[in-house]
file structure09.pdb (PDB, C-alpha atoms, pLDDT in the B column)
ATOM      1  CA  MET H1151     138.736 -40.140  14.595  1.00 88.00           C
ATOM      2  CA  TYR H1152     136.384 -38.553  17.178  1.00 91.00           C
ATOM      3  CA  LEU H1153     136.609 -36.285  20.167  1.00 93.00           C
ATOM      4  CA  LYS H1154     134.058 -37.629  22.650  1.00 95.00           C
ATOM      5  CA  PHE H1155     132.204 -35.965  25.515  1.00 96.00           C
ATOM      6  CA  GLU H1156     129.751 -37.256  28.104  1.00 96.00           C
ATOM      7  CA  ILE H1157     126.986 -34.739  28.723  1.00 97.00           C
ATOM      8  CA  GLU H1158     124.099 -34.606  31.177  1.00 97.00           C
ATOM      9  CA  LEU H1159     121.299 -32.035  31.085  1.00 97.00           C
ATOM     10  CA  LYS H1160     118.799 -31.373  33.862  1.00 98.00           C
ATOM     11  CA  PHE H1161     115.559 -29.613  32.920  1.00 97.00           C
ATOM     12  CA  ARG H1162     114.651 -26.764  35.256  1.00 96.00           C
ATOM     13  CA  ASP H1163     110.900 -27.213  34.932  1.00 94.00           C
ATOM     14  CA  LYS H1164     108.746 -28.780  32.204  1.00 94.00           C
ATOM     15  CA  ILE H1165     109.631 -30.231  28.834  1.00 95.00           C
ATOM     16  CA  TYR H1166     106.653 -30.533  26.478  1.00 92.00           C
ATOM     17  CA  GLY H1167     106.012 -33.120  23.796  1.00 89.00           C
ATOM     18  CA  GLY H1168     105.558 -31.819  20.290  1.00 83.00           C
ATOM     19  CA  LEU H1169     103.989 -34.560  18.138  1.00 81.00           C
ATOM     20  CA  PRO H1170     100.261 -34.756  17.299  1.00 75.00           C
ATOM     21  CA  LYS H1171      98.765 -37.951  18.699  1.00 67.00           C
ATOM     22  CA  ASP H1172      96.019 -38.450  16.123  1.00 56.00           C
ATOM     23  CA  LYS H1173      97.249 -40.867  13.436  1.00 54.00           C
ATOM     24  CA  ASP H1174      95.959 -38.907  10.451  1.00 50.00           C
ATOM     25  CA  VAL H1175      97.182 -35.589  11.831  1.00 46.00           C
ATOM     26  CA  LEU H1176     100.529 -37.157  12.666  1.00 45.00           C
ATOM     27  CA  LYS H1177     100.997 -38.628   9.192  1.00 51.00           C
ATOM     28  CA  ASN H1178     100.249 -35.266   7.583  1.00 49.00           C
ATOM     29  CA  TYR H1179     102.628 -33.566  10.030  1.00 45.00           C
ATOM     30  CA  VAL H1180     105.494 -35.914   9.165  1.00 48.00           C
ATOM     31  CA  LYS H1181     104.779 -35.747   5.445  1.00 53.00           C
ATOM     32  CA  ASN H1182     104.695 -31.934   5.366  1.00 51.00           C
ATOM     33  CA  LYS H1183     107.646 -31.388   7.697  1.00 48.00           C
ATOM     34  CA  PHE H1184     110.001 -34.057   6.390  1.00 48.00           C
ATOM     35  CA  SER H1185     108.608 -34.645   2.858  1.00 51.00           C
ATOM     36  CA  SER H1186     108.338 -38.352   3.585  1.00 50.00           C
ATOM     37  CA  GLU H1187     105.638 -40.880   2.788  1.00 50.00           C
ATOM     38  CA  ASP H1188     107.037 -43.312   5.363  1.00 51.00           C
ATOM     39  CA  THR H1189     105.171 -42.299   8.514  1.00 44.00           C
ATOM     40  CA  SER H1190     104.831 -45.706  10.140  1.00 49.00           C
ATOM     41  CA  PRO H1191     107.958 -45.541  12.401  1.00 49.00           C
ATOM     42  CA  THR H1192     106.843 -42.284  13.970  1.00 49.00           C
ATOM     43  CA  ALA H1193     103.244 -43.423  14.349  1.00 47.00           C
ATOM     44  CA  ASP H1194     104.346 -46.632  16.033  1.00 50.00           C
ATOM     45  CA  ASP H1195     106.307 -44.639  18.620  1.00 53.00           C
ATOM     46  CA  LEU H1196     103.124 -43.073  20.027  1.00 49.00           C
ATOM     47  CA  ASP H1197     100.220 -44.449  22.023  1.00 50.00           C
ATOM     48  CA  LEU H1198      97.195 -43.624  19.851  1.00 45.00           C
ATOM     49  CA  THR H1199      94.440 -45.616  21.503  1.00 44.00           C
ATOM     50  CA  GLU H1200      92.650 -42.989  23.584  1.00 40.00           C
ATOM     51  CA  GLU H1201      89.964 -40.995  21.801  1.00 38.00           C
ATOM     52  CA  ILE H1202      90.678 -37.920  23.929  1.00 37.00           C
ATOM     53  CA  GLU H1203      94.283 -37.914  22.740  1.00 38.00           C
ATOM     54  CA  LYS H1204      93.222 -36.854  19.247  1.00 44.00           C
ATOM     55  CA  ARG H1205      93.536 -33.297  20.552  1.00 59.00           C
ATOM     56  CA  THR H1206      96.771 -33.980  22.420  1.00 72.00           C
ATOM     57  CA  VAL H1207     100.348 -33.134  21.465  1.00 82.00           C
ATOM     58  CA  GLY H1208     102.659 -35.663  23.074  1.00 88.00           C
ATOM     59  CA  PHE H1209     105.976 -37.477  23.312  1.00 91.00           C
ATOM     60  CA  LYS H1210     107.560 -40.341  21.490  1.00 91.00           C
ATOM     61  CA  ARG H1211     107.616 -43.465  23.626  1.00 91.00           C
ATOM     62  CA  ASP H1212     108.247 -47.191  23.481  1.00 93.00           C
ATOM     63  CA  ASP H1213     108.180 -50.065  25.958  1.00 92.00           C
ATOM     64  CA  ARG H1214     111.279 -48.609  27.646  1.00 93.00           C
ATOM     65  CA  GLY H1215     109.859 -45.153  28.295  1.00 95.00           C
ATOM     66  CA  ILE H1216     109.454 -41.611  26.962  1.00 95.00           C
ATOM     67  CA  TYR H1217     112.254 -40.183  24.847  1.00 96.00           C
ATOM     68  CA  ILE H1218     113.267 -37.323  22.600  1.00 95.00           C
ATOM     69  CA  GLY H1219     115.243 -37.743  19.380  1.00 94.00           C
ATOM     70  CA  SER H1220     118.955 -37.062  19.061  1.00 94.00           C
ATOM     71  CA  TYR H1221     118.060 -34.818  16.103  1.00 93.00           C
ATOM     72  CA  GLN H1222     116.415 -32.394  18.557  1.00 93.00           C
ATOM     73  CA  ILE H1223     119.700 -31.821  20.364  1.00 95.00           C
ATOM     74  CA  LYS H1224     121.535 -31.414  17.057  1.00 94.00           C
ATOM     75  CA  ALA H1225     118.898 -28.933  15.880  1.00 92.00           C
ATOM     76  CA  MET H1226     119.265 -26.919  19.089  1.00 94.00           C
ATOM     77  CA  LEU H1227     123.061 -26.776  18.697  1.00 94.00           C
ATOM     78  CA  ALA H1228     122.790 -25.803  15.029  1.00 93.00           C
ATOM     79  CA  GLN H1229     120.317 -23.027  15.873  1.00 93.00           C
ATOM     80  CA  ALA H1230     122.572 -21.778  18.662  1.00 94.00           C
ATOM     81  CA  ALA H1231     125.605 -21.789  16.338  1.00 94.00           C
ATOM     82  CA  SER H1232     123.670 -19.764  13.775  1.00 93.00           C
ATOM     83  CA  LEU H1233     122.383 -17.202  16.294  1.00 94.00           C
ATOM     84  CA  LEU H1234     125.869 -16.860  17.804  1.00 94.00           C
ATOM     85  CA  GLU H1235     127.117 -16.246  14.215  1.00 94.00           C
ATOM     86  CA  LEU H1236     129.603 -19.095  14.472  1.00 92.00           C
ATOM     87  CA  THR H1237     128.411 -20.286  11.059  1.00 89.00           C
ATOM     88  CA  ILE H1238     129.649 -16.953   9.689  1.00 91.00           C
ATOM     89  CA  THR H1239     132.909 -16.530  11.594  1.00 90.00           C
ATOM     90  CA  LYS H1240     134.089 -20.148  11.733  1.00 87.00           C
ATOM     91  CA  ARG H1241     135.115 -21.893   8.531  1.00 86.00           C
ATOM     92  CA  GLY H1242     133.048 -24.967   7.623  1.00 87.00           C
ATOM     93  CA  SER H1243     131.099 -24.805  10.879  1.00 87.00           C
ATOM     94  CA  LYS H1244     127.671 -25.250   9.286  1.00 88.00           C
ATOM     95  CA  GLN H1245     128.701 -28.571   7.729  1.00 89.00           C
ATOM     96  CA  THR H1246     130.453 -29.626  10.938  1.00 89.00           C
ATOM     97  CA  MET H1247     127.315 -29.007  13.003  1.00 90.00           C
ATOM     98  CA  ARG H1248     125.168 -30.819  10.472  1.00 88.00           C
ATOM     99  CA  GLU H1249     127.348 -33.792   9.508  1.00 90.00           C
ATOM    100  CA  GLY H1250     130.436 -33.883  11.732  1.00 91.00           C
ATOM    101  CA  LEU H1251     128.573 -34.021  15.037  1.00 93.00           C
ATOM    102  CA  ILE H1252     126.955 -37.190  16.379  1.00 94.00           C
ATOM    103  CA  ILE H1253     124.675 -37.610  19.396  1.00 96.00           C
ATOM    104  CA  LYS H1254     124.431 -41.040  21.082  1.00 96.00           C
ATOM    105  CA  GLY H1255     121.866 -41.494  23.848  1.00 96.00           C
ATOM    106  CA  GLN H1256     122.821 -43.099  27.157  1.00 95.00           C
ATOM    107  CA  ASP H1257     120.809 -44.886  29.824  1.00 93.00           C
ATOM    108  CA  GLU H1258     121.173 -44.503  33.582  1.00 91.00           C
ATOM    109  CA  ASP H1259     123.846 -47.239  33.570  1.00 92.00           C
ATOM    110  CA  ASP H1260     125.666 -45.482  30.672  1.00 90.00           C
ATOM    111  CA  THR H1261     124.710 -48.094  28.068  1.00 93.00           C
ATOM    112  CA  PHE H1262     124.011 -46.601  24.658  1.00 94.00           C
ATOM    113  CA  THR H1263     120.423 -46.149  23.521  1.00 94.00           C
ATOM    114  CA  GLY H1264     121.103 -45.052  19.946  1.00 93.00           C
ATOM    115  CA  GLU H1265     119.167 -42.075  18.627  1.00 94.00           C
ATOM    116  CA  LYS H1266     116.642 -42.282  21.466  1.00 95.00           C
ATOM    117  CA  ILE H1267     117.426 -39.898  24.325  1.00 96.00           C
ATOM    118  CA  TYR H1268     115.328 -41.251  27.203  1.00 97.00           C
ATOM    119  CA  LEU H1269     113.988 -38.932  29.896  1.00 97.00           C
ATOM    120  CA  LEU H1270     115.551 -40.108  33.169  1.00 96.00           C
ATOM    121  CA  PRO H1271     114.792 -41.625  35.539  1.00 94.00           C
ATOM    122  CA  ARG H1272     112.886 -43.834  33.093  1.00 92.00           C
ATOM    123  CA  ILE H1273     109.388 -42.393  32.673  1.00 92.00           C
ATOM    124  CA  MET H1274     106.578 -44.447  31.160  1.00 94.00           C
ATOM    125  CA  GLU H1275     103.850 -41.792  31.354  1.00 93.00           C
ATOM    126  CA  PRO H1276     103.972 -37.984  31.240  1.00 93.00           C
ATOM    127  CA  THR H1277     103.809 -36.067  34.506  1.00 94.00           C
ATOM    128  CA  GLY H1278     100.637 -34.342  33.328  1.00 91.00           C
ATOM    129  CA  ILE H1279      98.872 -32.431  30.584  1.00 87.00           C
ATOM    130  CA  GLU H1280      98.031 -28.754  30.115  1.00 85.00           C
ATOM    131  CA  SER H1281      95.612 -26.991  27.799  1.00 78.00           C
ATOM    132  CA  HIS H1282      96.702 -23.900  25.884  1.00 72.00           C
ATOM    133  CA  ALA H1283      94.694 -21.703  23.541  1.00 68.00           C
ATOM    134  CA  GLY H1284      96.179 -20.726  20.209  1.00 65.00           C
ATOM    135  CA  ASN H1285      95.486 -19.690  16.642  1.00 67.00           C
ATOM    136  CA  VAL H1286      96.076 -21.453  13.347  1.00 64.00           C
ATOM    137  CA  SER H1287      95.837 -20.202   9.777  1.00 69.00           C
ATOM    138  CA  THR H1288      93.467 -22.083   7.488  1.00 68.00           C
ATOM    139  CA  PRO H1289      92.207 -21.478   3.916  1.00 72.00           C
ATOM    140  CA  GLN H1290      89.124 -20.023   5.580  1.00 71.00           C
ATOM    141  CA  GLY H1291      91.209 -17.655   7.698  1.00 73.00           C
ATOM    142  CA  SER H1292      92.513 -17.641  11.261  1.00 73.00           C
ATOM    143  CA  ARG H1293      90.694 -19.727  13.849  1.00 67.00           C
ATOM    144  CA  SER H1294      91.164 -20.460  17.540  1.00 68.00           C
ATOM    145  CA  ILE H1295      92.161 -23.898  18.800  1.00 67.00           C
ATOM    146  CA  LEU H1296      92.613 -25.509  22.203  1.00 69.00           C
ATOM    147  CA  LYS H1297      95.723 -27.649  22.322  1.00 75.00           C
ATOM    148  CA  THR H1298      96.412 -30.199  25.062  1.00 82.00           C
ATOM    149  CA  LEU H1299     100.125 -30.769  25.678  1.00 86.00           C
ATOM    150  CA  GLU H1300     101.840 -33.575  27.551  1.00 91.00           C
ATOM    151  CA  TYR H1301     104.740 -32.569  29.791  1.00 93.00           C
ATOM    152  CA  VAL H1302     107.357 -34.188  32.002  1.00 95.00           C
ATOM    153  CA  LEU H1303     108.622 -32.310  35.054  1.00 95.00           C
ATOM    154  CA  GLU H1304     112.352 -31.838  35.656  1.00 96.00           C
ATOM    155  CA  PRO H1305     113.760 -34.930  33.907  1.00 97.00           C
ATOM    156  CA  THR H1306     117.400 -35.547  33.089  1.00 97.00           C
ATOM    157  CA  VAL H1307     118.920 -36.658  29.774  1.00 97.00           C
ATOM    158  CA  LYS H1308     122.324 -38.260  29.207  1.00 97.00           C
ATOM    159  CA  PHE H1309     124.214 -38.669  25.955  1.00 97.00           C
ATOM    160  CA  GLN H1310     127.625 -38.690  24.337  1.00 96.00           C
ATOM    161  CA  LEU H1311     128.649 -36.033  21.832  1.00 96.00           C
ATOM    162  CA  TRP H1312     131.091 -37.170  19.157  1.00 95.00           C
ATOM    163  CA  LEU H1313     132.940 -34.618  17.020  1.00 93.00           C
ATOM    164  CA  LEU H1314     135.088 -35.411  13.994  1.00 91.00           C
ATOM    165  CA  LYS H1315     138.574 -34.519  15.247  1.00 90.00           C
ATOM    166  CA  ASN H1316     139.758 -33.079  11.945  1.00 88.00           C
ATOM    167  CA  ARG H1317     136.853 -30.564  11.983  1.00 87.00           C
ATOM    168  CA  ILE H1318     137.850 -29.074  15.343  1.00 87.00           C
ATOM    169  CA  GLY H1319     140.602 -26.482  15.776  1.00 86.00           C
ATOM    170  CA  GLU H1320     143.497 -26.993  18.138  1.00 82.00           C
ATOM    171  CA  ASP H1321     143.140 -23.693  20.054  1.00 80.00           C
ATOM    172  CA  ASN H1322     140.907 -20.640  20.318  1.00 74.00           C
ATOM    173  CA  ARG H1323     142.799 -18.830  17.535  1.00 75.00           C
ATOM    174  CA  SER H1324     141.708 -21.421  15.002  1.00 81.00           C
ATOM    175  CA  LYS H1325     139.410 -20.465  12.133  1.00 85.00           C
ATOM    176  CA  LYS H1326     137.617 -23.780  12.664  1.00 87.00           C
ATOM    177  CA  LEU H1327     135.160 -24.549  15.427  1.00 89.00           C
ATOM    178  CA  VAL H1328     136.851 -25.229  18.760  1.00 91.00           C
ATOM    179  CA  ILE H1329     135.550 -26.942  21.901  1.00 92.00           C
ATOM    180  CA  LYS H1330     134.886 -23.548  23.486  1.00 93.00           C
ATOM    181  CA  ASP H1331     132.454 -22.830  20.621  1.00 93.00           C
ATOM    182  CA  ILE H1332     130.559 -26.069  21.312  1.00 94.00           C
ATOM    183  CA  LYS H1333     130.329 -25.114  24.982  1.00 95.00           C
ATOM    184  CA  LYS H1334     128.985 -21.690  23.981  1.00 95.00           C
ATOM    185  CA  CYS H1335     126.246 -23.415  21.983  1.00 96.00           C
ATOM    186  CA  PHE H1336     125.225 -25.395  25.068  1.00 97.00           C
ATOM    187  CA  LEU H1337     125.443 -22.264  27.212  1.00 97.00           C
ATOM    188  CA  TYR H1338     123.030 -20.468  24.899  1.00 96.00           C
ATOM    189  CA  GLY H1339     120.991 -23.659  24.472  1.00 95.00           C
ATOM    190  CA  MET H1340     120.256 -23.596  28.203  1.00 96.00           C
ATOM    191  CA  GLU H1341     118.034 -20.562  27.573  1.00 95.00           C
ATOM    192  CA  LEU H1342     116.952 -21.598  24.078  1.00 94.00           C
ATOM    193  CA  GLY H1343     115.482 -24.827  25.423  1.00 94.00           C
ATOM    194  CA  LEU H1344     114.469 -28.247  24.089  1.00 92.00           C
ATOM    195  CA  GLY H1345     111.095 -29.680  23.169  1.00 87.00           C
ATOM    196  CA  SER H1346     108.001 -27.773  22.115  1.00 85.00           C
ATOM    197  CA  HIS H1347     106.334 -24.635  23.517  1.00 84.00           C
ATOM    198  CA  ARG H1348     109.719 -22.926  23.880  1.00 84.00           C
ATOM    199  CA  LYS H1349     108.260 -19.516  23.050  1.00 80.00           C
ATOM    200  CA  TYR H1350     106.580 -19.786  26.463  1.00 79.00           C
ATOM    201  CA  GLU H1351     109.997 -20.307  28.118  1.00 85.00           C
ATOM    202  CA  ALA H1352     109.578 -24.101  28.350  1.00 89.00           C
ATOM    203  CA  GLY H1353     112.314 -26.708  27.966  1.00 94.00           C
ATOM    204  CA  LYS H1354     115.130 -24.751  29.595  1.00 96.00           C
ATOM    205  CA  PHE H1355     117.867 -26.798  31.251  1.00 97.00           C
ATOM    206  CA  ASP H1356     121.183 -26.713  33.074  1.00 97.00           C
ATOM    207  CA  VAL H1357     124.306 -28.540  31.959  1.00 97.00           C
ATOM    208  CA  VAL H1358     125.246 -30.624  34.987  1.00 97.00           C
ATOM    209  CA  ARG H1359     128.007 -32.581  33.264  1.00 96.00           C
ATOM    210  CA  PHE H1360     130.258 -31.867  30.290  1.00 97.00           C
ATOM    211  CA  GLU H1361     133.255 -34.176  30.470  1.00 95.00           C
ATOM    212  CA  GLU H1362     135.749 -34.904  27.724  1.00 93.00           C
ATOM    213  CA  LEU H1363     136.666 -38.579  27.393  1.00 92.00           C
ATOM    214  CA  PRO H1364     140.273 -39.677  26.833  1.00 89.00           C
ATOM    215  CA  TYR H1365     141.156 -39.567  23.146  1.00 75.00           C
ATOM    216  CA  GLU H1366     141.986 -42.975  21.693  1.00 72.00           C
ATOM    217  CA  GLU H1367     143.238 -43.348  18.137  1.00 68.00           C
ATOM    218  CA  SER H1368     143.516 -46.929  16.968  1.00 61.00           C
ATOM    219  CA  GLU H1369     145.804 -47.791  14.069  1.00 57.00           C
ATOM    220  CA  GLU H1370     143.759 -50.889  13.272  1.00 63.00           C
ATOM    221  CA  ILE H1371     140.190 -50.641  11.985  1.00 65.00           C
ATOM    222  CA  ASN H1372     138.140 -53.762  12.536  1.00 65.00           C
ATOM    223  CA  PHE H1373     134.452 -53.791  11.639  1.00 65.00           C
ATOM    224  CA  GLU H1374     133.972 -57.351  12.931  1.00 66.00           C
ATOM    225  CA  ILE H1375     131.774 -58.296   9.984  1.00 59.00           C
ATOM    226  CA  PRO H1376     130.131 -61.666  10.773  1.00 61.00           C
ATOM    227  CA  LEU H1377     130.711 -64.464   8.317  1.00 61.00           C
ATOM    228  CA  PRO H1378     127.635 -65.959   6.585  1.00 61.00           C
ATOM    229  CA  LYS H1379     126.211 -69.053   8.237  1.00 60.00           C
ATOM    230  CA  THR H1380     126.916 -72.377   6.543  1.00 58.00           C
ATOM    231  CA  GLU H1381     124.724 -75.442   6.786  1.00 55.00           C
TER     232      GLU H1381
END
call {"tool": "encode", "arguments": {"input": "structure09.pdb", "output": "structure tokens"}}
result
Amino acid sequence: MYLKFEIELKFRDKIYGGLPKDKDVLKNYVKNKFSSEDTSPTADDLDLTEEIEKRTVGFKRDDRGIYIGSYQIKAMLAQAASLLELTITKRGSKQTMREGLIIKGQDEDDTFTGEKIYLLPRIMEPTGIESHAGNVSTPQGSRSILKTLEYVLEPTVKFQLWLLKNRIGEDNRSKKLVIKDIKKCFLYGMELGLGSHRKYEAGKFDVVRFEELPYEESEEINFEIPLPKTE
């Protein structure tokens, strides 16, 4: 069903976190950006105990370390496909990038980590913080702010990319997306970057591994659904 690739990215310099670390600010951010009232999962992913961190923009983290979401990689690829005009020239490519592409995080030992893409080697705390001045628009007009951003220096991320096989063309003459198009998105993504503060050239990376895995098509589908327990 899927074409699968193992991919490893190495950040050239800093990757910045992009989530507000004040609970009330964070809840409003999630609600406005994703139109969701359920903000508890995102809030639980952040350490919100320090008073000084109310002015800090940071990373998601759990007891296993700092991570970014798989959706960030998908968003980068979708943006690259749009800017490269693949969504115009390749039939059905917008839907393929949105729904026919799956990102699965991997740990240092290649075990899957789901939608969490951990910064490797495992990092429990950011490398440092930086302060940047900026402007925001308010009902009272524009005002200056000082934003403190967490960053991690030169981490690596590992993940598998799964593509629905029927959505990918067989050769470069195909009107569908082909593997070369996906590679172009990563090539442009290297300069587009990941994380926040990208307009200041942050989050750029190099692709250090892009390896296609052997294609296996099983005739038998077994979901291994467990039977209910009986007393």
call {"tool": "atom_distance", "arguments": {"input": "structure09.pdb", "atom1": "atom CA of Glu1320 of chain H", "atom2": "atom CA of Glu1158 of chain H"}}
result
24.6 Å
call {"tool": "residues_around", "arguments": {"input": "structure09.pdb", "residues": "Asp1356 of chain H", "least_positions_apart": "3", "cutoff": "10 Å", "atoms": "all atoms listed in the file", "output": "list in words"}}
result
Glu1158, Leu1159, Lys1160, Phe1161, Arg1162, Thr1306, Phe1336, Leu1337, Gly1339, Met1340, Glu1341, Gly1343 and Arg1359 of chain H
call {"tool": "atom_distance", "arguments": {"input": "structure09.pdb", "atom1": "atom CA of Tyr1217 of chain H", "atom2": "atom CA of Ile1273 of chain H"}}
result
8.6 Å
call {"tool": "closest_residue", "arguments": {"input": "structure09.pdb", "among": "H:Arg1272, H:Arg1248, H:Lys1315, H:Lys1240", "to": "Glu1366 of chain H", "atoms": "only C-alpha atoms"}}
result
H:Lys1315
call {"tool": "axis_aligned_box", "arguments": {"input": "structure09.pdb", "around": "segment 1238-1243 of chain H", "padding_each_side": "5 Å", "output": "lines of an AutoDock Vina configuration file"}}
result
center_x = 132.4
center_y = -20.7
center_z = 9.7
size_x = 15.5
size_y = 18.4
size_z = 14.1
call {"tool": "resolve_selection", "arguments": {"input": "structure09.pdb", "expression": "the PyMOL selection byres ((chain H and resi 1251-1267) around 9)", "output": "list in words"}}
result
Ile1216, Tyr1217, Ile1218, Gly1219, Ser1220, Tyr1221, Ile1223, Lys1224, Thr1246, Met1247, Arg1248, Glu1249, Gly1250, Tyr1268, Leu1269, Leu1270, Pro1271, Arg1272, Val1307, Lys1308, Phe1309, Gln1310, Leu1311, Trp1312, Leu1313 and Leu1314 of chain H
